[in-house]
Amino acid sequence: MTAPSQPLLEIAGLKVQFGQTKAVRGIDLSVMPGEAVAVLGESGSGKSVTGKAIMGLINRPGRVEGTVAFEGRNLVGRSERDLAAIRGPGIAMVFQDSLDALNPVYSVGNQIMEILTVRLGWDRGRAREEAIRLMEQVGIKEAETRLGDYPHQFSGGMRQRICIAMAIALKPRLLIADEPTTALDVTVQAGILRLINALRQESGMALLFVTHDLAVARQVATSLVVMYAGRVVERGKIDEIFARPSHPYTRALLASNPGAVAHWSQLQPIAGNPPDKATKVTGCAFAPRCPRAEPRCRAEAPELRDVMPGRQSRCHFAEEVAHV
Amino acid sequence: MSDRGRTKVLEVDRLTKHFGQAKALDDISFDIAEGEILAVVGESGSGKSTLARTILGLLDATAGEVRYRGTNLLTLDRRRMRQTRQHIQMIFQDPYASLHPRRRVHELVSEPWRVHRGVVERPQWRSRVAELLDQVGLPQSYADYYPARLSGGERQRVAIARALALAPDFLILDEPVSALDVSIQAQVIKLLMTLQLQFGFTAMFISHDLALVRLIASRVIVMYRGQIVESGDTRAIFEAPAHDYTRLLLSSSPSLEGPSAVESR
Amino acid sequence: MAISDLAVTRPARSSGRIGETLAQLSRSPLAFISAIVLVALVLVAVIGAPLLRDFANTQNLRLRFFPPFSLEHGWGYVLGADALGRSILAQLIVGARTSFLVAGATVAVASITGMTIGMVSGYFGGIVDAVLMRISDIIVTVPSLLLALAVLFVLEPSVVNLVLVLAIARLPVYLRVSRAQTLELRERVFVESSRALGTSDAAIIWRDIRPLVVPTVMTVAMLELASVMLAAAGLSFLGVGLQRPDVDWGTLVSEGREYLTRAWWATVFPGTAILITALSANLLSNWMRANADPLQAAAMEPTSSREEAARS
């Protein structure tokens, strides 16, 4: 990838609010063409809402502010018609619950074919050929005979593959995957992650992968965006962040991960709970749980700033955190 | 293999459970020594949850024996079973579901004493609840809260306090942290292990998370479709898995090291 | 936030819960008015009826079909008089007591019995459940009015018999509602957790399941209050309900019907009383359903968003 190209997706100052609940308090992130970015966060960090906001899937009374620029065009506040044109060939999405995402009364073949006949105006014969090819591409064996099967006749992993087939049917330039493997077994998860990696290498589409699992993020992404309490607290190259986190939250997450230590007594849990979305945060949102918080942290909210090449952190002491 | 000589707390012998045609448990045998933590590892459909429920008598076994300190639980009459239940407790996966929504924390924690009379006398309930809450790291003020006010991690702490109320000898932990946030999981695991050191209970830890199992269990049994495919010392299994399925599990489990595991197939 | 803080810092449980409910109620004007109407009617029935019993049955033939809205013969005849010159107002008040008594007793008997059977049936399942459900099917298929008609035709029409017959006819409603909910609740993990603890089945039904079934049954009971009142009225109307000197609103409608063209007031006022009661009970019931557990709802607020997020 050439370095100075235009970002595919650029989010600036994104805020999403439901009544008094601030799900997203201000997010900036960008995805370059072909780049794989993981958005990491716990429940309530606003990571899933961010994915939905990009797709324009936040319904009233939810309020969205800020800009979501896809290929230079802002999507926030666009009409449903404009968004529909972008969904599919521009941005496609895969959700956590594949059973929910598929219509139980139509066969999976019908659901894949419908995308092609409606969006591309293909006749059914051609759409059928393509549906079979897509199902084979996502690793469904005997695709031709399974075309007429209904969603409940597939296992969770296979259903998620079908959702992926539908998402890539229109060859999107960006795929948003919202915890696509959280409901699956590890062996099935590994297959899905391999599939996503392979599809990305073949087609060169960009990926925004929303997850709560550090290790899963590591498997699919080259860049990482860490979210906490509705804000981005750190972003950069994933291997660099893992090697040298520059935000105390990222550091603590890594230290509390069972994969990082040899015995339970070495686990370093993060004390306390994430802040409530309804409460007003003054200063740094992580300060109450931060081992190195100082009075300044509680008084003054840190900005997301460059701390080293290709790395940004929302911490007053990012440099010290990175050099421990 | 230091466990071998010690007293067996639980011996499961040729335990079988059928649901119609399906064999949820097929000829399962293993034992757990005093003070040991045995991990039962498997994916959905492996039968690991059925195993826990059959041991506790929440499901009726089709065949086999479950001996707790020598007595077969499956043939006990109701009264004796009730008495034995005092010594065996379970912590469930989802703390959002396992606590009654209409009870306050102190009612939840004191519930075991209502069922098993004479363990703690009623005038002592309040102070004993306070002690238990303290042991699981919750403030006293939580005694009057409803579970709805608590976060997932706090609820699981309440469930732990409740399980400890009868000072159990044997604890079944059914995926006790997998419903919790990542930053909370380590808290709860550390708490459980600290309590285990303190009280010395024996435990069966059911999990699909190999990284976690590696940290806390001395022995592991790997289940696949109702059968034990491999069992042994944790370190030995992680270093040299003998069964193909164990190898698949290990290679599938994502690592912080990088995408090598996923790419290699 | 303020509400939830209150709920926590206040240890006195019952008073807190009632106060909470009243506070919630006052925020919904329609439900609040309904509650006031019902309370007022009950008070009138309880206080007024014993005082007016004799007056209500006093015949004064000179006042036959005395029209309403005239104070010529005092407040007692402000709503007019019937064919035998009895005060409509006094009869309404005396009838209110009987109507409420019959409806209240019927709903109480039916709901408590139905809920108990429903919970036991749903919890244990098996053959007992199958038999009970078939019996309930039979009761449902026989029109309740017809059943009551048949039984009361044979038996003496008294308040007790009326209550029993109506209660049996309305039993399946509660049985089904509580059985369905028990079926769902018994699969919940907290029930499994109680079983793992060694809790007996009876204790599980009483302590785990009942508290969650009661609010639903209460909501249904409020709705039923109105329909039982109408059913009782229907029976009185058909002549197998209560007989003089017992009088309820249904009897009044039934008797006044004969003279509908000459004296509309003898029918319309008791009819309106039934309508107002039914409407109030319905509105209140709707509100109760929406607001099943105010304390819980208030306590839930600070964490609900977090919980939702955790589940999404």
# chains A, B, ... in the order shown; residues from 1 in each chain; ligands from 1

call {"tool": "interface_residues", "arguments": {"of": "chain B", "to": "chain C", "cutoff": "9 Å", "atoms": "only C-alpha atoms", "output": "VMD selection string"}}
result
chain B and resid 53 56 to 58 81 to 86 88 to 92 94 96 to 102 111 to 112 114 to 116 144 to 152 163 179 to 181

call {"tool": "residues_around", "arguments": {"residues": "B:Gly137", "least_positions_apart": "2", "cutoff": "10 Å", "atoms": "only C-alpha atoms", "output": "list in words"}}
result
Glu131, Leu132, Leu133, Asp134, Gln135, Pro139, Gln140, Glu154, Arg157, Val158, Ala161, Val188 and Leu191 of chain B

call {"tool": "write_last_selection", "arguments": {"atoms": "all heavy atoms", "output": "mmCIF file, in the first residue's frame"}}
result
data_model
loop_
_atom_site.group_PDB
_atom_site.id
_atom_site.type_symbol
_atom_site.label_atom_id
_atom_site.label_comp_id
_atom_site.auth_asym_id
_atom_site.auth_seq_id
_atom_site.Cartn_x
_atom_site.Cartn_y
_atom_site.Cartn_z
ATOM 1 N N GLU B 131 -19.603 -10.554 56.499
ATOM 2 C CA GLU B 131 -18.285 -11.189 56.406
ATOM 3 C C GLU B 131 -18.038 -11.750 55.007
ATOM 4 O O GLU B 131 -16.967 -11.570 54.427
ATOM 5 C CB GLU B 131 -18.237 -12.367 57.390
ATOM 6 C CG GLU B 131 -17.380 -12.188 58.610
ATOM 7 C CD GLU B 131 -17.581 -13.376 59.539
ATOM 8 O OE1 GLU B 131 -16.912 -14.397 59.332
ATOM 9 O OE2 GLU B 131 -18.436 -13.285 60.438
ATOM 10 N N LEU B 132 -19.061 -12.462 54.505
ATOM 11 C CA LEU B 132 -18.923 -13.080 53.186
ATOM 12 C C LEU B 132 -18.733 -12.025 52.094
ATOM 13 O O LEU B 132 -17.899 -12.182 51.206
ATOM 14 C CB LEU B 132 -20.145 -13.948 52.874
ATOM 15 C CG LEU B 132 -20.183 -15.294 53.595
ATOM 16 C CD1 LEU B 132 -21.575 -15.893 53.568
ATOM 17 C CD2 LEU B 132 -19.188 -16.268 52.963
ATOM 18 N N LEU B 133 -19.520 -10.936 52.184
ATOM 19 C CA LEU B 133 -19.381 -9.870 51.191
ATOM 20 C C LEU B 133 -17.971 -9.309 51.236
ATOM 21 O O LEU B 133 -17.354 -9.022 50.204
ATOM 22 C CB LEU B 133 -20.407 -8.751 51.442
ATOM 23 C CG LEU B 133 -21.850 -9.084 51.109
ATOM 24 C CD1 LEU B 133 -22.746 -7.871 51.333
ATOM 25 C CD2 LEU B 133 -22.003 -9.572 49.671
ATOM 26 N N ASP B 134 -17.464 -9.187 52.444
ATOM 27 C CA ASP B 134 -16.119 -8.685 52.608
ATOM 28 C C ASP B 134 -15.105 -9.629 51.945
ATOM 29 O O ASP B 134 -14.182 -9.195 51.263
ATOM 30 C CB ASP B 134 -15.832 -8.544 54.105
ATOM 31 C CG ASP B 134 -14.539 -7.801 54.352
ATOM 32 O OD1 ASP B 134 -14.378 -6.737 53.717
ATOM 33 O OD2 ASP B 134 -13.699 -8.285 55.128
ATOM 34 N N GLN B 135 -15.334 -10.920 52.138
ATOM 35 C CA GLN B 135 -14.411 -11.903 51.557
ATOM 36 C C GLN B 135 -14.392 -11.870 50.033
ATOM 37 O O GLN B 135 -13.375 -12.160 49.421
ATOM 38 C CB GLN B 135 -14.779 -13.320 52.034
ATOM 39 C CG GLN B 135 -14.155 -13.652 53.369
ATOM 40 C CD GLN B 135 -14.760 -14.891 53.996
ATOM 41 O OE1 GLN B 135 -15.734 -15.447 53.500
ATOM 42 N NE2 GLN B 135 -14.172 -15.333 55.093
ATOM 43 N N PRO B 139 -18.592 -4.062 49.043
ATOM 44 C CA PRO B 139 -18.876 -3.220 50.215
ATOM 45 C C PRO B 139 -20.150 -3.668 50.944
ATOM 46 O O PRO B 139 -21.054 -4.231 50.335
ATOM 47 C CB PRO B 139 -19.048 -1.822 49.623
ATOM 48 C CG PRO B 139 -19.281 -2.024 48.178
ATOM 49 C CD PRO B 139 -18.662 -3.317 47.795
ATOM 50 N N GLN B 140 -20.211 -3.406 52.240
ATOM 51 C CA GLN B 140 -21.366 -3.786 53.064
ATOM 52 C C GLN B 140 -22.680 -3.225 52.522
ATOM 53 O O GLN B 140 -23.719 -3.863 52.625
ATOM 54 C CB GLN B 140 -21.200 -3.247 54.504
ATOM 55 C CG GLN B 140 -19.918 -3.660 55.167
ATOM 56 C CD GLN B 140 -19.822 -5.159 55.296
ATOM 57 O OE1 GLN B 140 -20.799 -5.808 55.626
ATOM 58 N NE2 GLN B 140 -18.665 -5.716 54.998
ATOM 59 N N GLU B 154 -19.765 -7.820 39.765
ATOM 60 C CA GLU B 154 -20.286 -7.744 41.137
ATOM 61 C C GLU B 154 -21.308 -8.848 41.387
ATOM 62 O O GLU B 154 -21.352 -9.440 42.455
ATOM 63 C CB GLU B 154 -20.906 -6.367 41.383
ATOM 64 C CG GLU B 154 -19.879 -5.261 41.452
ATOM 65 C CD GLU B 154 -20.466 -3.865 41.315
ATOM 66 O OE1 GLU B 154 -21.632 -3.741 40.869
ATOM 67 O OE2 GLU B 154 -19.766 -2.900 41.639
ATOM 68 N N ARG B 157 -19.610 -12.010 42.036
ATOM 69 C CA ARG B 157 -19.076 -12.029 43.398
ATOM 70 C C ARG B 157 -20.173 -12.418 44.396
ATOM 71 O O ARG B 157 -19.925 -13.150 45.346
ATOM 72 C CB ARG B 157 -18.504 -10.655 43.778
ATOM 73 C CG ARG B 157 -17.169 -10.372 43.128
ATOM 74 C CD ARG B 157 -16.780 -8.907 43.292
ATOM 75 N NE ARG B 157 -15.637 -8.600 42.451
ATOM 76 C CZ ARG B 157 -14.379 -8.647 42.872
ATOM 77 N NH1 ARG B 157 -14.120 -8.951 44.128
ATOM 78 N NH2 ARG B 157 -13.390 -8.374 42.047
ATOM 79 N N VAL B 158 -21.382 -11.904 44.158
ATOM 80 C CA VAL B 158 -22.504 -12.293 45.024
ATOM 81 C C VAL B 158 -22.746 -13.802 44.910
ATOM 82 O O VAL B 158 -22.930 -14.490 45.918
ATOM 83 C CB VAL B 158 -23.794 -11.513 44.644
ATOM 84 C CG1 VAL B 158 -24.996 -12.057 45.396
ATOM 85 C CG2 VAL B 158 -23.611 -10.032 44.933
ATOM 86 N N ALA B 161 -20.161 -15.542 46.923
ATOM 87 C CA ALA B 161 -20.442 -15.436 48.358
ATOM 88 C C ALA B 161 -21.528 -16.424 48.762
ATOM 89 O O ALA B 161 -21.451 -17.095 49.792
ATOM 90 C CB ALA B 161 -20.869 -14.010 48.704
ATOM 91 N N VAL B 188 -12.154 -11.769 38.898
ATOM 92 C CA VAL B 188 -12.957 -12.844 39.461
ATOM 93 C C VAL B 188 -12.129 -14.136 39.589
ATOM 94 O O VAL B 188 -12.221 -14.849 40.581
ATOM 95 C CB VAL B 188 -14.233 -13.067 38.624
ATOM 96 C CG1 VAL B 188 -14.996 -14.281 39.102
ATOM 97 C CG2 VAL B 188 -15.122 -11.839 38.709
ATOM 98 N N LEU B 191 -9.900 -13.760 42.521
ATOM 99 C CA LEU B 191 -10.680 -13.909 43.751
ATOM 100 C C LEU B 191 -10.955 -15.389 44.044
ATOM 101 O O LEU B 191 -10.729 -15.869 45.164
ATOM 102 C CB LEU B 191 -12.003 -13.150 43.606
ATOM 103 C CG LEU B 191 -13.037 -13.410 44.703
ATOM 104 C CD1 LEU B 191 -12.567 -12.813 46.022
ATOM 105 C CD2 LEU B 191 -14.396 -12.840 44.320
#

call {"tool": "residues_around", "arguments": {"residues": "stretch 71-86 of chain A", "least_positions_apart": "3", "cutoff": "10 Å", "atoms": "only C-alpha atoms", "output": "ChimeraX atom specification"}}
result
/A:6-11,14,32-33,53-57,64-68,89-92,119,172-173

call {"tool": "select_by_dssp", "arguments": {"residues": "stretch 5-211 of chain B", "states": "alpha helix (DSSP H)", "output": "number ranges by chain"}}
result
B: 48-55, 78-85, 95-98, 105-115, 125-135, 152-164, 182-199, 210-211

call {"tool": "closest_atom_pairs", "arguments": {"of": "chain A", "to": "chain B", "cutoff": "8 Å", "atoms": "only C-alpha atoms", "output": "JSON lines"}}
result
{"residue": "A:Glu42", "atom": "CA", "partner": "B:Asp181", "partner_atom": "CA", "distance": 5.9}
{"residue": "A:Ser43", "atom": "CA", "partner": "B:Asp181", "partner_atom": "CA", "distance": 6.6}
{"residue": "A:Asp185", "atom": "CA", "partner": "B:Glu43", "partner_atom": "CA", "distance": 5.9}
{"residue": "A:Val186", "atom": "CA", "partner": "B:Ser253", "partner_atom": "CA", "distance": 5.8}
{"residue": "A:Thr187", "atom": "CA", "partner": "B:Ser252", "partner_atom": "CA", "distance": 5.1}
{"residue": "A:Gln189", "atom": "CA", "partner": "B:Ser252", "partner_atom": "CA", "distance": 7.6}
{"residue": "A:Ala190", "atom": "CA", "partner": "B:Ser252", "partner_atom": "CA", "distance": 5.2}
{"residue": "A:Gly191", "atom": "CA", "partner": "B:Val262", "partner_atom": "CA", "distance": 7.9}
{"residue": "A:Leu193", "atom": "CA", "partner": "B:Val262", "partner_atom": "CA", "distance": 7.2}
{"residue": "A:Arg194", "atom": "CA", "partner": "B:Val262", "partner_atom": "CA", "distance": 5.9}
{"residue": "A:His212", "atom": "CA", "partner": "B:Val182", "partner_atom": "CA", "distance": 7.2}
{"residue": "A:Asp213", "atom": "CA", "partner": "B:Val182", "partner_atom": "CA", "distance": 7.5}
{"residue": "A:Leu214", "atom": "CA", "partner": "B:Leu256", "partner_atom": "CA", "distance": 6.9}
{"residue": "A:Ala215", "atom": "CA", "partner": "B:Leu256", "partner_atom": "CA", "distance": 4.7}
{"residue": "A:Val216", "atom": "CA", "partner": "B:Pro254", "partner_atom": "CA", "distance": 5.8}
{"residue": "A:Arg218", "atom": "CA", "partner": "B:Gly258", "partner_atom": "CA", "distance": 5.6}
{"residue": "A:Gln219", "atom": "CA", "partner": "B:Pro259", "partner_atom": "CA", "distance": 4.2}
{"residue": "A:Val220", "atom": "CA", "partner": "B:Pro259", "partner_atom": "CA", "distance": 7.0}
{"residue": "A:Asp239", "atom": "CA", "partner": "B:Gly258", "partner_atom": "CA", "distance": 7.9}
{"residue": "A:Leu253", "atom": "CA", "partner": "B:Ser183", "partner_atom": "CA", "distance": 6.2}
{"residue": "A:Ser256", "atom": "CA", "partner": "B:Ala186", "partner_atom": "CA", "distance": 5.7}
{"residue": "A:Asn257", "atom": "CA", "partner": "B:Ala186", "partner_atom": "CA", "distance": 7.2}
{"residue": "A:Pro258", "atom": "CA", "partner": "B:Leu212", "partner_atom": "CA", "distance": 5.5}
{"residue": "A:Gly259", "atom": "CA", "partner": "B:Ala211", "partner_atom": "CA", "distance": 5.2}
{"residue": "A:Ala260", "atom": "CA", "partner": "B:Leu256", "partner_atom": "CA", "distance": 7.4}
{"residue": "A:Val261", "atom": "CA", "partner": "B:Leu215", "partner_atom": "CA", "distance": 7.9}
{"residue": "A:Ala262", "atom": "CA", "partner": "B:Leu215", "partner_atom": "CA", "distance": 6.2}
{"residue": "A:His263", "atom": "CA", "partner": "B:Leu215", "partner_atom": "CA", "distance": 4.7}
{"residue": "A:Trp264", "atom": "CA", "partner": "B:Leu215", "partner_atom": "CA", "distance": 5.1}
{"residue": "A:Ser265", "atom": "CA", "partner": "B:Lys190", "partner_atom": "CA", "distance": 7.0}
{"residue": "A:Leu267", "atom": "CA", "partner": "B:Ala186", "partner_atom": "CA", "distance": 6.5}
{"residue": "A:Gln268", "atom": "CA", "partner": "B:Ala186", "partner_atom": "CA", "distance": 7.1}
{"residue": "A:Pro269", "atom": "CA", "partner": "B:Gln187", "partner_atom": "CA", "distance": 5.0}
{"residue": "A:Ile270", "atom": "CA", "partner": "B:Ser183", "partner_atom": "CA", "distance": 5.8}
{"residue": "A:Ala271", "atom": "CA", "partner": "B:Gln187", "partner_atom": "CA", "distance": 7.3}
{"residue": "A:Asn273", "atom": "CA", "partner": "B:Ile184", "partner_atom": "CA", "distance": 7.6}

call {"tool": "select_by_dssp", "arguments": {"residues": "stretch 208-268 of chain A", "states": "strand (DSSP E)", "output": "CSV table (one decimal) with N, CA and C atoms, in the first residue's frame"}}
result
chain,number,residue,atom,x,y,z
A,208,LEU,N,-13.0,-3.5,9.2
A,208,LEU,CA,-13.1,-2.9,10.5
A,208,LEU,C,-13.7,-3.9,11.4
A,209,PHE,N,-12.8,-4.5,12.3
A,209,PHE,CA,-13.2,-5.7,13.1
A,209,PHE,C,-13.5,-5.3,14.5
A,210,VAL,N,-14.7,-5.3,15.0
A,210,VAL,CA,-15.1,-4.9,16.3
A,210,VAL,C,-15.0,-6.1,17.2
A,211,THR,N,-14.3,-6.0,18.3
A,211,THR,CA,-14.1,-7.2,19.2
A,211,THR,C,-13.8,-6.8,20.6
A,223,SER,N,-3.9,-2.8,12.4
A,223,SER,CA,-4.0,-1.6,13.2
A,223,SER,C,-5.0,-1.9,14.3
A,224,LEU,N,-4.8,-1.1,15.4
A,224,LEU,CA,-5.7,-1.3,16.6
A,224,LEU,C,-6.2,0.0,17.1
A,225,VAL,N,-7.5,0.0,17.4
A,225,VAL,CA,-8.1,1.2,18.0
A,225,VAL,C,-8.7,0.7,19.3
A,226,VAL,N,-8.2,1.2,20.4
A,226,VAL,CA,-8.7,0.8,21.8
A,226,VAL,C,-9.7,1.8,22.3
A,227,MET,N,-10.8,1.3,22.6
A,227,MET,CA,-11.9,2.2,23.1
A,227,MET,C,-12.1,2.0,24.6
A,228,TYR,N,-12.5,3.1,25.3
A,228,TYR,CA,-12.8,3.1,26.7
A,228,TYR,C,-13.9,4.2,26.9
A,231,ARG,N,-14.8,6.5,24.1
A,231,ARG,CA,-13.7,7.3,23.4
A,231,ARG,C,-12.6,6.4,23.0
A,232,VAL,N,-11.8,6.9,22.0
A,232,VAL,CA,-10.6,6.2,21.6
A,232,VAL,C,-9.5,6.6,22.6
A,233,VAL,N,-8.9,5.6,23.2
A,233,VAL,CA,-7.8,5.9,24.2
A,233,VAL,C,-6.4,5.7,23.6
A,234,GLU,N,-6.4,4.8,22.6
A,234,GLU,CA,-5.1,4.5,22.0
A,234,GLU,C,-5.3,4.0,20.6
A,235,ARG,N,-4.4,4.4,19.7
A,235,ARG,CA,-4.5,3.7,18.3
A,235,ARG,C,-3.1,3.7,17.7
A,236,GLY,N,-2.9,2.7,16.9
A,236,GLY,CA,-1.6,2.5,16.2
A,236,GLY,C,-1.5,1.2,15.6
A,237,LYS,N,-0.3,0.8,15.2
A,237,LYS,CA,0.0,-0.6,14.7
A,237,LYS,C,-0.2,-1.6,15.8

call {"tool": "closest_residue", "arguments": {"among": "A:Leu207, A:Ala183, A:Leu254, A:Ala169", "to": "chain C", "atoms": "only C-alpha atoms"}}
result
A:Ala183

call {"tool": "residues_around", "arguments": {"residues": "stretch 21-24 of chain B", "least_positions_apart": "4", "cutoff": "8 Å", "atoms": "only C-alpha atoms", "output": "MDAnalysis selection string"}}
result
chainID B and resid 16:17 45:47 50 225:226

call {"tool": "write_last_selection", "arguments": {"atoms": "all heavy atoms", "output": "mmCIF file, in the first residue's frame"}}
result
data_model
loop_
_atom_site.group_PDB
_atom_site.id
_atom_site.type_symbol
_atom_site.label_atom_id
_atom_site.label_comp_id
_atom_site.auth_asym_id
_atom_site.auth_seq_id
_atom_site.Cartn_x
_atom_site.Cartn_y
_atom_site.Cartn_z
ATOM 1 N N THR B 16 -23.060 -42.195 32.257
ATOM 2 C CA THR B 16 -23.665 -42.111 30.935
ATOM 3 C C THR B 16 -24.990 -41.377 31.039
ATOM 4 O O THR B 16 -25.748 -41.597 31.982
ATOM 5 C CB THR B 16 -23.904 -43.529 30.373
ATOM 6 O OG1 THR B 16 -22.642 -44.195 30.303
ATOM 7 C CG2 THR B 16 -24.510 -43.489 28.983
ATOM 8 N N LYS B 17 -25.222 -40.494 30.101
ATOM 9 C CA LYS B 17 -26.495 -39.768 30.074
ATOM 10 C C LYS B 17 -26.979 -39.670 28.633
ATOM 11 O O LYS B 17 -26.270 -39.155 27.776
ATOM 12 C CB LYS B 17 -26.301 -38.362 30.672
ATOM 13 C CG LYS B 17 -27.473 -37.428 30.479
ATOM 14 C CD LYS B 17 -28.641 -37.801 31.338
ATOM 15 C CE LYS B 17 -29.858 -36.953 31.043
ATOM 16 N NZ LYS B 17 -31.061 -37.472 31.698
ATOM 17 N N GLY B 45 -21.756 -28.668 22.991
ATOM 18 C CA GLY B 45 -22.091 -30.005 22.531
ATOM 19 C C GLY B 45 -21.133 -31.077 23.021
ATOM 20 O O GLY B 45 -21.314 -32.251 22.736
ATOM 21 N N SER B 46 -20.109 -30.674 23.787
ATOM 22 C CA SER B 46 -19.146 -31.672 24.267
ATOM 23 C C SER B 46 -19.704 -32.448 25.457
ATOM 24 O O SER B 46 -19.224 -33.522 25.788
ATOM 25 C CB SER B 46 -17.849 -30.989 24.665
ATOM 26 O OG SER B 46 -18.076 -30.129 25.765
ATOM 27 N N GLY B 47 -20.713 -31.883 26.116
ATOM 28 C CA GLY B 47 -21.303 -32.550 27.271
ATOM 29 C C GLY B 47 -20.768 -32.049 28.588
ATOM 30 O O GLY B 47 -21.127 -32.578 29.641
ATOM 31 N N THR B 50 -23.619 -30.797 30.785
ATOM 32 C CA THR B 50 -24.441 -31.947 31.192
ATOM 33 C C THR B 50 -23.740 -32.710 32.308
ATOM 34 O O THR B 50 -24.381 -33.159 33.260
ATOM 35 C CB THR B 50 -24.664 -32.887 29.992
ATOM 36 O OG1 THR B 50 -25.122 -32.107 28.898
ATOM 37 C CG2 THR B 50 -25.669 -33.965 30.313
ATOM 38 N N ARG B 225 -17.928 -34.439 22.124
ATOM 39 C CA ARG B 225 -19.147 -35.197 21.839
ATOM 40 C C ARG B 225 -19.450 -36.265 22.898
ATOM 41 O O ARG B 225 -19.660 -37.430 22.576
ATOM 42 C CB ARG B 225 -19.049 -35.851 20.470
ATOM 43 C CG ARG B 225 -18.992 -34.786 19.392
ATOM 44 C CD ARG B 225 -19.308 -35.364 18.059
ATOM 45 N NE ARG B 225 -19.313 -34.286 17.067
ATOM 46 C CZ ARG B 225 -19.303 -34.490 15.760
ATOM 47 N NH1 ARG B 225 -19.288 -35.713 15.291
ATOM 48 N NH2 ARG B 225 -19.319 -33.472 14.931
ATOM 49 N N GLY B 226 -19.439 -35.848 24.147
ATOM 50 C CA GLY B 226 -19.860 -36.742 25.216
ATOM 51 C C GLY B 226 -18.806 -37.709 25.706
ATOM 52 O O GLY B 226 -19.076 -38.506 26.602
#

call {"tool": "interface_residues", "arguments": {"of": "chain A", "to": "chain C", "cutoff": "10 Å", "atoms": "only C-alpha atoms", "output": "list of chain:residue names"}}
result
A:Thr21, A:Ala23, A:Glu42, A:Ser43, A:Gly44, A:Ser45, A:Gly46, A:Ser48, A:Val49, A:Gln96, A:Asp97, A:Pro274, A:Pro275, A:Asp276, A:Lys277, A:Ala278, A:Thr279

call {"tool": "residues_around", "arguments": {"residues": "C:Arg257", "least_positions_apart": "2", "cutoff": "12 Å", "atoms": "only C-alpha atoms", "output": "list of chain:residue names"}}
result
C:Asp82, C:Ala83, C:Phe237, C:Leu238, C:Gly250, C:Thr251, C:Leu252, C:Val253, C:Ser254, C:Glu255, C:Tyr259, C:Leu260, C:Thr261, C:Arg262, C:Ala263, C:Trp264, C:Trp265, C:Ala266, C:Thr267, C:Val268, C:Phe269, C:Pro270, C:Gly271

call {"tool": "atom_distance", "arguments": {"atom1": "atom CA of A:Val37", "atom2": "atom CA of A:Ala69"}}
result
16.1 Å

call {"tool": "residues_around", "arguments": {"residues": "stretch 203-206 of chain B", "least_positions_apart": "4", "cutoff": "6 Å", "atoms": "only C-alpha atoms", "output": "MDAnalysis selection string"}}
result
chainID B and resid 37:40 170:175

call {"tool": "write_last_selection", "arguments": {"atoms": "N, CA, C and O atoms", "output": "compact mmCIF listing (two decimals), in the first residue's frame"}}
result
# COMPACT_ATOMS: atom_id res chain seq x y z
N ILE B 37 -7.74 -28.79 41.58
CA ILE B 37 -8.63 -28.14 40.62
C ILE B 37 -8.51 -28.88 39.30
O ILE B 37 -7.45 -28.90 38.68
N LEU B 38 -9.61 -29.49 38.92
CA LEU B 38 -9.63 -30.23 37.67
C LEU B 38 -10.39 -29.40 36.64
O LEU B 38 -11.49 -28.93 36.91
N ALA B 39 -9.81 -29.22 35.48
CA ALA B 39 -10.50 -28.48 34.44
C ALA B 39 -11.17 -29.46 33.47
O ALA B 39 -10.58 -30.46 33.11
N VAL B 40 -12.40 -29.15 33.11
CA VAL B 40 -13.09 -29.90 32.07
C VAL B 40 -13.20 -28.97 30.87
O VAL B 40 -13.85 -27.93 30.95
N PHE B 170 -16.66 -29.08 47.96
CA PHE B 170 -16.43 -29.28 46.53
C PHE B 170 -17.25 -28.27 45.75
O PHE B 170 -18.43 -28.06 46.03
N LEU B 171 -16.60 -27.61 44.80
CA LEU B 171 -17.25 -26.53 44.06
C LEU B 171 -17.20 -26.82 42.56
O LEU B 171 -16.13 -27.14 42.04
N ILE B 172 -18.35 -26.72 41.91
CA ILE B 172 -18.35 -26.84 40.45
C ILE B 172 -18.44 -25.43 39.87
O ILE B 172 -19.38 -24.69 40.18
N LEU B 173 -17.47 -25.06 39.09
CA LEU B 173 -17.45 -23.73 38.48
C LEU B 173 -17.75 -23.90 37.00
O LEU B 173 -16.92 -24.40 36.24
N ASP B 174 -18.96 -23.49 36.59
CA ASP B 174 -19.36 -23.68 35.20
C ASP B 174 -19.10 -22.41 34.41
O ASP B 174 -19.91 -21.50 34.42
N GLU B 175 -17.98 -22.34 33.75
CA GLU B 175 -17.58 -21.14 32.98
C GLU B 175 -17.82 -19.87 33.80
O GLU B 175 -18.53 -18.97 33.35

call {"tool": "residues_around", "arguments": {"residues": "C:Gly76", "least_positions_apart": "4", "cutoff": "12 Å", "atoms": "only C-alpha atoms", "output": "ChimeraX atom specification"}}
result
/C:52,55-56,58,63,66,68-72,80-81,85-93

call {"tool": "closest_residue", "arguments": {"among": "C:Ala169, C:Leu30, C:Leu162, C:Ala232", "to": "C:Thr141", "atoms": "only C-alpha atoms"}}
result
C:Ala169
